[in-house]
$ cat work_5.txt   # compact mmCIF, C-alpha atoms
# COMPACT_ATOMS: atom_id res chain seq x y z
CA ASP A 1 112.08 110.91 107.61
CA GLY A 2 109.38 108.68 109.00
CA GLY A 3 110.19 105.05 109.45
CA ILE A 4 111.19 102.14 111.60
CA THR A 5 114.70 101.71 112.93
CA GLN A 6 116.20 98.56 114.35
CA SER A 7 119.49 98.31 116.11
CA PRO A 8 121.98 96.85 115.98
CA LYS A 9 122.13 95.55 112.41
CA TYR A 10 124.28 92.59 113.45
CA LEU A 11 124.44 91.10 116.92
CA PHE A 12 126.53 88.29 118.32
CA ARG A 13 125.73 86.54 121.57
CA LYS A 14 127.26 83.77 123.57
CA GLU A 15 125.08 80.87 124.59
CA GLY A 16 123.33 81.45 127.89
CA GLN A 17 123.17 85.24 127.54
CA ASN A 18 120.08 87.34 127.19
CA VAL A 19 120.12 90.01 124.50
CA THR A 20 117.73 92.86 123.68
CA LEU A 21 116.91 94.02 120.16
CA SER A 22 115.73 97.57 119.69
CA CYS A 23 112.81 98.71 117.52
CA GLU A 24 111.72 102.34 117.27
CA GLN A 25 109.11 103.91 114.98
CA ASN A 26 108.15 107.52 114.35
CA LEU A 27 105.14 106.73 112.17
CA ASN A 28 102.70 107.25 115.05
CA HIS A 29 101.48 103.68 114.58
CA ASP A 30 99.54 102.05 117.39
CA ALA A 31 100.45 98.45 116.60
CA MET A 32 103.92 96.90 116.55
CA TYR A 33 105.12 93.39 115.76
CA TRP A 34 108.18 91.17 116.01
CA TYR A 35 108.90 88.45 113.48
CA ARG A 36 111.59 85.86 113.10
CA GLN A 37 112.87 84.82 109.67
CA ASP A 38 114.86 81.66 109.02
CA PRO A 39 116.45 80.70 105.68
CA GLY A 40 113.94 79.40 103.15
CA GLN A 41 110.99 80.20 105.36
CA GLY A 42 108.45 82.95 105.61
CA LEU A 43 108.17 85.17 108.63
CA ARG A 44 106.81 83.84 111.90
CA LEU A 45 105.16 86.09 114.48
CA ILE A 46 106.82 86.23 117.90
CA TYR A 47 104.87 88.97 119.73
CA TYR A 48 102.62 91.87 118.84
CA SER A 49 101.26 94.91 120.63
CA GLN A 50 98.16 96.83 119.64
CA ILE A 51 98.52 99.60 122.22
CA VAL A 52 100.92 100.83 124.86
CA ASN A 53 101.28 98.58 127.92
CA ASP A 54 99.62 95.68 126.15
CA PHE A 55 101.10 92.83 124.10
CA GLN A 56 100.14 89.36 122.98
CA LYS A 57 102.05 86.19 122.18
CA GLY A 58 102.37 85.17 118.57
CA ASP A 59 103.04 81.72 117.17
CA ILE A 60 106.57 81.28 118.53
CA ALA A 61 106.79 83.35 121.75
CA GLU A 62 108.65 80.78 123.86
CA GLY A 63 112.08 82.05 124.89
CA TYR A 64 111.26 85.68 124.04
CA SER A 65 109.91 88.63 126.01
CA VAL A 66 108.80 92.16 125.09
CA SER A 67 107.68 95.42 126.65
CA ARG A 68 105.66 98.34 125.31
CA GLU A 69 106.13 101.26 127.67
CA LYS A 70 106.10 103.85 124.91
CA LYS A 71 104.15 104.03 121.67
CA GLU A 72 107.36 104.48 119.69
CA SER A 73 109.32 101.58 121.14
CA PHE A 74 108.88 97.80 121.24
CA PRO A 75 112.10 96.07 122.36
CA LEU A 76 112.48 92.30 122.09
CA THR A 77 114.57 90.29 124.54
CA VAL A 78 115.90 86.95 123.39
CA THR A 79 116.43 84.93 126.54
CA SER A 80 118.69 81.98 127.21
CA ALA A 81 115.56 79.82 127.14
CA GLN A 82 115.28 80.27 123.37
CA LYS A 83 116.87 77.09 122.08
CA ASN A 84 117.74 78.21 118.57
CA PRO A 85 117.98 82.01 118.54
CA THR A 86 120.21 82.48 115.49
CA ALA A 87 117.95 84.18 112.93
CA PHE A 88 117.01 87.43 111.23
CA TYR A 89 114.58 89.47 113.35
CA LEU A 90 112.18 91.94 111.80
CA CYS A 91 110.09 94.57 113.53
CA ALA A 92 106.97 96.03 111.93
CA SER A 93 104.28 98.55 112.75
CA SER A 94 100.82 99.45 111.49
CA THR A 95 97.82 101.65 112.12
CA PRO A 96 94.87 99.33 112.72
CA GLN A 97 92.17 99.95 110.13
CA GLY A 98 90.12 96.91 110.96
CA LEU A 99 88.83 94.16 108.73
CA GLY A 100 92.29 92.70 108.19
CA THR A 101 93.31 95.40 105.73
CA ASP A 102 96.16 96.97 107.70
CA THR A 103 99.49 97.39 105.99
CA GLN A 104 102.50 96.53 108.08
CA TYR A 105 105.68 98.52 107.54
CA PHE A 106 108.95 96.79 108.29
CA GLY A 107 112.27 97.84 109.73
CA PRO A 108 115.62 96.82 108.19
CA GLY A 109 116.09 93.88 110.55
CA THR A 110 118.67 92.63 113.04
CA ARG A 111 120.70 89.51 112.33
CA LEU A 112 121.40 87.66 115.57
CA THR A 113 124.09 85.01 115.70
CA VAL A 114 124.70 82.85 118.75
CA LEU A 115 128.29 81.73 119.08
CA ALA B 1 92.39 78.34 108.27
CA GLN B 2 94.51 80.73 106.32
CA SER B 3 97.55 79.69 104.34
CA VAL B 4 99.64 80.80 101.42
CA THR B 5 101.48 78.68 98.89
CA GLN B 6 104.12 80.17 96.67
CA LEU B 7 104.43 77.67 93.89
CA ASP B 8 108.04 78.39 92.94
CA SER B 9 110.92 78.75 95.38
CA HIS B 10 113.13 80.16 92.64
CA VAL B 11 112.36 81.92 89.34
CA SER B 12 114.98 82.99 86.85
CA VAL B 13 114.26 85.39 83.96
CA SER B 14 116.30 87.36 81.48
CA GLU B 15 116.39 91.12 81.74
CA GLY B 16 113.59 92.67 79.69
CA THR B 17 111.37 89.56 79.74
CA PRO B 18 108.13 89.17 81.72
CA VAL B 19 108.03 88.12 85.35
CA LEU B 20 105.41 85.79 86.85
CA LEU B 21 105.53 84.82 90.52
CA ARG B 22 102.73 82.51 91.54
CA CYS B 23 100.74 82.54 94.77
CA ASN B 24 97.72 80.55 95.88
CA TYR B 25 95.93 81.25 99.12
CA SER B 26 93.43 79.62 101.41
CA SER B 27 91.08 81.74 103.50
CA SER B 28 87.67 81.14 104.97
CA TYR B 29 86.78 84.81 104.97
CA SER B 30 87.26 87.78 102.68
CA PRO B 31 91.03 87.92 102.41
CA SER B 32 93.42 90.80 102.21
CA LEU B 33 96.46 89.87 100.12
CA PHE B 34 99.85 91.49 99.95
CA TRP B 35 103.09 91.14 98.05
CA TYR B 36 106.28 92.23 99.77
CA VAL B 37 109.82 92.34 98.38
CA GLN B 38 112.98 91.78 100.38
CA HIS B 39 116.46 92.61 99.14
CA PRO B 40 119.38 90.79 100.80
CA ASN B 41 119.76 91.60 104.50
CA LYS B 42 117.01 94.21 104.30
CA GLY B 43 113.52 94.57 105.70
CA LEU B 44 110.38 93.91 103.69
CA GLN B 45 108.93 96.57 101.41
CA LEU B 46 105.27 96.56 100.38
CA LEU B 47 104.80 96.16 96.63
CA LEU B 48 101.01 96.12 96.54
CA LYS B 49 97.92 94.98 98.40
CA TYR B 50 94.40 93.78 97.63
CA THR B 51 91.55 94.60 100.02
CA SER B 52 88.34 93.73 98.13
CA ALA B 53 88.33 96.69 95.77
CA ALA B 54 89.53 96.32 92.17
CA THR B 55 90.76 92.82 91.43
CA LEU B 56 93.71 94.07 89.38
CA VAL B 57 96.07 95.82 91.73
CA LYS B 58 98.92 98.00 90.57
CA GLY B 59 101.95 98.40 92.76
CA ILE B 60 105.30 100.08 92.78
CA ASN B 61 108.12 99.52 90.28
CA GLY B 62 105.74 98.34 87.54
CA PHE B 63 104.44 95.29 89.37
CA GLU B 64 100.81 94.28 89.43
CA ALA B 65 98.75 91.36 90.71
CA GLU B 66 95.32 90.02 89.93
CA PHE B 67 93.00 88.57 92.55
CA LYS B 68 91.13 85.57 91.15
CA LYS B 69 88.70 84.23 93.68
CA SER B 70 87.65 81.26 91.55
CA GLU B 71 91.27 80.11 91.34
CA THR B 72 92.24 81.34 94.86
CA SER B 73 95.26 82.95 93.26
CA PHE B 74 97.09 86.25 93.53
CA HIS B 75 99.95 86.02 91.06
CA LEU B 76 102.48 88.84 90.75
CA THR B 77 103.53 90.01 87.30
CA LYS B 78 105.72 92.58 85.62
CA PRO B 79 105.98 93.07 81.84
CA SER B 80 109.72 93.59 81.71
CA ALA B 81 112.26 92.54 84.34
CA HIS B 82 115.00 94.87 85.47
CA MET B 83 118.23 93.87 87.16
CA SER B 84 117.13 95.72 90.30
CA ASP B 85 114.12 93.37 90.60
CA ALA B 86 116.37 90.54 91.77
CA ALA B 87 115.19 89.86 95.32
CA GLU B 88 112.99 87.61 97.47
CA TYR B 89 109.24 88.05 97.11
CA PHE B 90 106.65 87.10 99.73
CA CYS B 91 102.94 86.60 99.25
CA VAL B 92 100.96 87.31 102.43
CA VAL B 93 97.32 86.87 103.49
CA SER B 94 95.20 88.13 106.32
CA ASP B 95 91.44 88.18 106.67
CA LEU B 96 88.46 89.65 108.48
CA ARG B 97 88.70 87.22 111.32
CA THR B 98 92.37 87.44 112.19
CA GLY B 99 93.05 91.01 111.20
CA ALA B 100 96.54 92.36 110.81
CA ASN B 101 97.57 90.70 114.01
CA ASN B 102 98.13 87.48 112.20
CA LEU B 103 99.58 87.67 108.73
CA PHE B 104 100.31 84.40 106.99
CA PHE B 105 103.48 84.48 104.94
CA GLY B 106 104.42 82.27 102.04
CA THR B 107 107.89 80.75 102.07
CA GLY B 108 109.12 83.19 99.44
CA THR B 109 110.20 83.13 95.79
CA ARG B 110 113.71 84.15 94.92
CA LEU B 111 113.81 86.06 91.62
CA THR B 112 117.05 86.02 89.65
CA VAL B 113 117.42 88.36 86.68
CA ILE B 114 119.98 87.36 84.06
CA PRO B 115 121.69 90.17 82.12
$ encode --input "work_5.txt" --output "structure tokens"
Amino acid sequence: DGGITQSPKYLFRKEGQNVTLSCEQNLNHDAMYWYRQDPGQGLRLIYYSQIVNDFQKGDIAEGYSVSREKKESFPLTVTSAQKNPTAFYLCASSTPQGLGTDTQYFGPGTRLTVL
Amino acid sequence: AQSVTQLDSHVSVSEGTPVLLRCNYSSSYSPSLFWYVQHPNKGLQLLLKYTSAATLVKGINGFEAEFKKSETSFHLTKPSAHMSDAAEYFCVVSDLRTGANNLFFGTGTRLTVIP
């Protein structure tokens, strides 16, 4: 089945630790995205990548880092510099069609809790 | 600048009655508009999208939305609610200028369906 997988589903971290969230897609999409979702809010863009070995900061990139070494994979590292990392993290991918019409397809999400 | 306003944070309907979830948008350019649904602790699933073709857009699970430029609205409707429709719904906008790299999400409407 084609789709986007995120692992783990739930993740617990102690303060001061870095943690990496996995996102893999087998849809052959060029573009991938990371969003953060907090209760009662819409999604906010952390980072996005349009092609391999290239990525751009989104609206709330501080305290996060990413890499895009393979087309299928776009891992997100939540660093100790992120002051409030407890949230639901969603990965998405799309095939750029231009003109703002792309559809993004979302993974099932990872819920990160900092203890 | 782009923005999305979902007019109701919570909507409650009885099973078998119509559903109306309201969305107003702001966009300086020709917008693309999307409705996504999110079930608890799950990723987002695309219900439907508008990209400057027919103004009445039909989606999955019997949902549809009408793009009204004069009212800057993109309300989501369904003739008869089912228990499985209970979820969070997000209205999303992108446009020619920002492309899919910058979707603007509403804050969501939680739909409750009463048996």
$ residues_around --input "work_5.txt" --residues "A:Pro85" --least-positions-apart "5" --cutoff "10 Å" --atoms "all atoms listed in the file" --output "ChimeraX atom specification"
/A:13,15,36,63-64,78-80,112-114
$ residues_around --input "work_5.txt" --residues "A:Gln56" --least-positions-apart "6" --cutoff "9 Å" --atoms "all atoms listed in the file" --output "list in words"
Ile46, Tyr47, Tyr48, Ser49 and Gln50 of chain A
$ interface_residues --input "work_5.txt" --of "chain A" --to "chain B" --cutoff "9 Å" --atoms "only C-alpha atoms" --output "number ranges by chain"
A: 31, 33, 40-45, 48-50, 58, 88, 90-91, 94, 96-111
$ closest_residue --input "work_5.txt" --among "B:Glu15, B:Leu21, B:Ala53, B:Ser70" --to "B:Val37" --atoms "only C-alpha atoms"
B:Leu21
$ atom_distance --input "work_5.txt" --atom1 "atom CA of B:Thr77" --atom2 "atom CA of B:Tyr36"
13.0 Å
$ residues_near_point --input "work_5.txt" --point "(102.5, 78.6, 98.8)" --cutoff "8 Å" --atoms "only C-alpha atoms" --output "VMD selection string"
chain B and resid 3 to 7 23 to 25 106 to 107
$ atom_distance --input "work_5.txt" --atom1 "atom CA of B:Ala65" --atom2 "atom CA of B:Trp35"
8.5 Å
$ atom_distance --input "work_5.txt" --atom1 "atom CA of B:Ser14" --atom2 "atom CA of B:Glu64"
18.7 Å
$ closest_residue --input "work_5.txt" --among "A:Tyr89, A:Leu115, A:Ser7, A:Val66" --to "A:Asp38" --atoms "all atoms listed in the file"
A:Tyr89
